[in-house]
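Visitor: Here you go, this is protein33.json (JSON, C-alpha atoms).
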```json
[["chain", "number", "residue", "atom", "x", "y", "z"],
["A", 1, "MET", "CA", 180.51, -75.16, 87.92],
["A", 2, "VAL", "CA", 181.89, -72.69, 90.46],
["A", 3, "GLN", "CA", 180.56, -74.96, 93.25],
["A", 4, "ASP", "CA", 182.47, -77.90, 91.72],
["A", 5, "VAL", "CA", 185.67, -75.85, 91.62],
["A", 6, "HIS", "CA", 185.16, -74.82, 95.26],
["A", 7, "THR", "CA", 184.62, -78.45, 96.27],
["A", 8, "VAL", "CA", 187.74, -79.58, 94.44],
["A", 9, "MET", "CA", 189.73, -76.72, 95.97],
["A", 10, "ARG", "CA", 188.56, -77.63, 99.49],
["A", 11, "GLU", "CA", 189.42, -81.28, 98.94],
["A", 12, "GLU", "CA", 192.86, -80.37, 97.64],
["A", 13, "MET", "CA", 193.48, -78.01, 100.55],
["A", 14, "GLY", "CA", 192.39, -80.74, 102.96],
["A", 15, "ASN", "CA", 194.73, -83.23, 101.30],
["A", 16, "ALA", "CA", 197.58, -80.72, 101.44],
["A", 17, "ARG", "CA", 196.90, -80.08, 105.13],
["A", 18, "GLU", "CA", 196.93, -83.82, 105.89],
["A", 19, "GLU", "CA", 200.20, -84.28, 103.99],
["A", 20, "ALA", "CA", 201.77, -81.34, 105.82],
["A", 21, "THR", "CA", 200.66, -82.75, 109.18],
["A", 22, "LEU", "CA", 202.08, -86.16, 108.31],
["A", 23, "SER", "CA", 205.34, -84.58, 107.16],
["A", 24, "LEU", "CA", 205.59, -82.57, 110.36],
["A", 25, "THR", "CA", 205.00, -85.67, 112.49],
["A", 26, "GLU", "CA", 207.69, -87.56, 110.61],
["A", 27, "ALA", "CA", 210.05, -84.61, 110.94],
["A", 28, "GLN", "CA", 209.47, -84.52, 114.70],
["A", 29, "ARG", "CA", 210.23, -88.23, 114.97],
["A", 30, "GLY", "CA", 213.35, -87.73, 112.91],
["A", 31, "ILE", "CA", 214.51, -84.85, 115.11],
["A", 32, "VAL", "CA", 214.05, -86.95, 118.25],
["A", 33, "ALA", "CA", 216.01, -89.83, 116.71],
["A", 34, "LEU", "CA", 218.78, -87.49, 115.54],
["A", 35, "THR", "CA", 219.00, -85.91, 118.98],
["A", 36, "ALA", "CA", 219.27, -89.29, 120.69],
["A", 37, "GLY", "CA", 221.82, -90.44, 118.12],
["A", 38, "GLY", "CA", 223.78, -87.23, 118.66],
["A", 39, "ALA", "CA", 223.86, -87.81, 122.42],
["A", 40, "PHE", "CA", 225.19, -91.33, 121.94],
["A", 41, "GLY", "CA", 227.66, -90.03, 119.38],
["A", 42, "VAL", "CA", 228.97, -87.48, 121.88],
["A", 43, "LEU", "CA", 229.46, -90.22, 124.46],
["A", 44, "ALA", "CA", 231.30, -92.37, 121.91],
["A", 45, "MET", "CA", 233.52, -89.46, 120.89],
["A", 46, "TRP", "CA", 234.26, -88.66, 124.53],
["A", 47, "SER", "CA", 235.33, -92.25, 125.10],
["A", 48, "ALA", "CA", 237.49, -92.23, 121.97],
["A", 49, "HIS", "CA", 239.00, -88.89, 122.96],
["A", 50, "THR", "CA", 239.90, -90.18, 126.41],
["A", 51, "THR", "CA", 241.52, -93.28, 124.95],
["A", 52, "LEU", "CA", 243.46, -91.25, 122.39],
["A", 53, "LEU", "CA", 244.51, -88.71, 125.01],
["A", 54, "ARG", "CA", 245.84, -91.39, 127.36],
["A", 55, "GLY", "CA", 247.68, -93.15, 124.55],
["A", 56, "LEU", "CA", 249.34, -90.01, 123.18],
["A", 57, "GLU", "CA", 250.33, -88.77, 126.64],
["A", 58, "ARG", "CA", 252.55, -91.86, 126.93],
["A", 59, "VAL", "CA", 254.57, -90.61, 123.96],
["A", 60, "TRP", "CA", 254.30, -86.78, 124.12],
["A", 61, "ASP", "CA", 253.98, -84.28, 126.92],
["A", 62, "PRO", "CA", 250.35, -83.38, 127.88],
["A", 63, "GLN", "CA", 250.55, -79.81, 126.54],
["A", 64, "ARG", "CA", 251.59, -80.97, 123.08],
["A", 65, "VAL", "CA", 248.83, -83.61, 123.04],
["A", 66, "ALA", "CA", 246.24, -81.01, 124.06],
["A", 67, "GLY", "CA", 247.42, -78.67, 121.32],
["A", 68, "VAL", "CA", 247.40, -81.32, 118.60],
["A", 69, "LEU", "CA", 243.94, -82.59, 119.56],
["A", 70, "THR", "CA", 242.55, -79.05, 119.81],
["A", 71, "LEU", "CA", 243.87, -78.23, 116.35],
["A", 72, "ALA", "CA", 242.48, -81.46, 114.89],
["A", 73, "TYR", "CA", 239.05, -80.95, 116.47],
["A", 74, "ALA", "CA", 238.85, -77.28, 115.48],
["A", 75, "SER", "CA", 239.79, -78.12, 111.88],
["A", 76, "GLY", "CA", 237.15, -80.82, 111.68],
["A", 77, "ALA", "CA", 234.51, -78.59, 113.24],
["A", 78, "SER", "CA", 235.30, -75.76, 110.83],
["A", 79, "ALA", "CA", 235.12, -78.02, 107.77],
["A", 80, "LEU", "CA", 231.83, -79.58, 108.86],
["A", 81, "PHE", "CA", 230.32, -76.19, 109.71],
["A", 82, "HIS", "CA", 231.26, -74.84, 106.28],
["A", 83, "TYR", "CA", 229.85, -77.91, 104.51],
["A", 84, "GLY", "CA", 226.63, -77.80, 106.55],
["A", 85, "SER", "CA", 226.13, -74.11, 105.81],
["A", 86, "LYS", "CA", 226.41, -74.75, 102.08],
["A", 87, "ARG", "CA", 223.89, -77.61, 102.25],
["A", 88, "LEU", "CA", 221.42, -75.43, 104.19],
["A", 89, "ARG", "CA", 221.70, -72.64, 101.61],
["A", 90, "VAL", "CA", 220.96, -75.12, 98.82],
["A", 91, "ALA", "CA", 217.96, -76.53, 100.72],
["A", 92, "ARG", "CA", 216.63, -73.05, 101.48],
["A", 93, "GLY", "CA", 216.87, -72.14, 97.79],
["A", 94, "ALA", "CA", 215.00, -75.29, 96.76],
["A", 95, "SER", "CA", 212.27, -74.57, 99.31],
["A", 96, "ARG", "CA", 211.85, -71.06, 97.93],
["A", 97, "GLU", "CA", 211.48, -72.42, 94.40],
["A", 98, "VAL", "CA", 208.78, -74.87, 95.50],
["A", 99, "LEU", "CA", 206.93, -72.13, 97.39],
["A", 100, "HIS", "CA", 207.00, -69.79, 94.39],
["A", 101, "SER", "CA", 205.76, -72.58, 92.09],
["A", 102, "SER", "CA", 202.93, -73.39, 94.48],
["A", 103, "MET", "CA", 201.95, -69.73, 94.74],
["A", 104, "ASN", "CA", 201.85, -69.47, 90.95],
["A", 105, "VAL", "CA", 199.53, -72.48, 90.73],
["A", 106, "VAL", "CA", 197.23, -71.00, 93.38],
["A", 107, "ARG", "CA", 197.15, -67.68, 91.50],
["A", 108, "GLN", "CA", 196.31, -69.46, 88.25],
["A", 109, "VAL", "CA", 193.47, -71.40, 89.86],
["A", 110, "ALA", "CA", 192.17, -68.26, 91.54],
["A", 111, "ASP", "CA", 192.23, -66.45, 88.18],
["A", 112, "GLU", "CA", 190.37, -69.33, 86.53],
["A", 113, "ILE", "CA", 187.73, -69.25, 89.25],
["A", 114, "ALA", "CA", 187.37, -65.49, 88.89],
["A", 115, "ASP", "CA", 186.99, -65.80, 85.11],
["A", 116, "ALA", "CA", 184.35, -68.56, 85.39]]
```
Now that the file is in, can you turn its structure into structure tokens?

Guide:
Amino acid sequence: MVQDVHTVMREEMGNAREEATLSLTEAQRGIVALTAGGAFGVLAMWSAHTTLLRGLERVWDPQRVAGVLTLAYASGASALFHYGSKRLRVARGASREVLHSSMNVVRQVADEIADA
């Protein structure tokens, strides 16, 4: 009986390891895609900024345009940073809950094996 439990535990650990490896590979692919997308996004924003800058400089003096764009960009960056920080805190909390649940299951199985 104990041998059967050990076999099941090894199989489950092997399955968990394979799933973790697959998840890591997918995460790496996602990071590469996000990085490339971010680079293209920066280029697109640079182009849009240049177009906006040239257009506004026809109407306002360059110092005013620089100030307005700086304020707009800083406000957007601040709002996105704040939002992203909140999302990361929520994700970190969810990860902790899953880890604690998994540890409890492992403890329960270990206790059952010890009692058998």

Visitor: What is the CA of Ile113 (chain A)-CA of Met9 (chain A) distance in Å, reported with one decimal?

Guide: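 One can read the CA of Ile113 (chain A) to CA of Met9 (chain A) distance as 10.2 Å.
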
Visitor: Output, as AutoDock Vina command-line options, the centre and edge lengths in Å (one decimal) of the axis-aligned box that contains all listed atoms of region 22-32 of chain A with 5 Å of margin on each side.

Guide:
```
--center_x 208.3 --center_y -85.4 --center_z 112.7 --size_x 22.4 --size_y 15.7 --size_z 21.1
```

Visitor: Out of A:Ser95, A:Val106, A:His49, A:Val42, which residue has the shortest atom-to-atom distance to Thr70 (chain A) when counting only C-alpha atoms?

Guide: A:His49
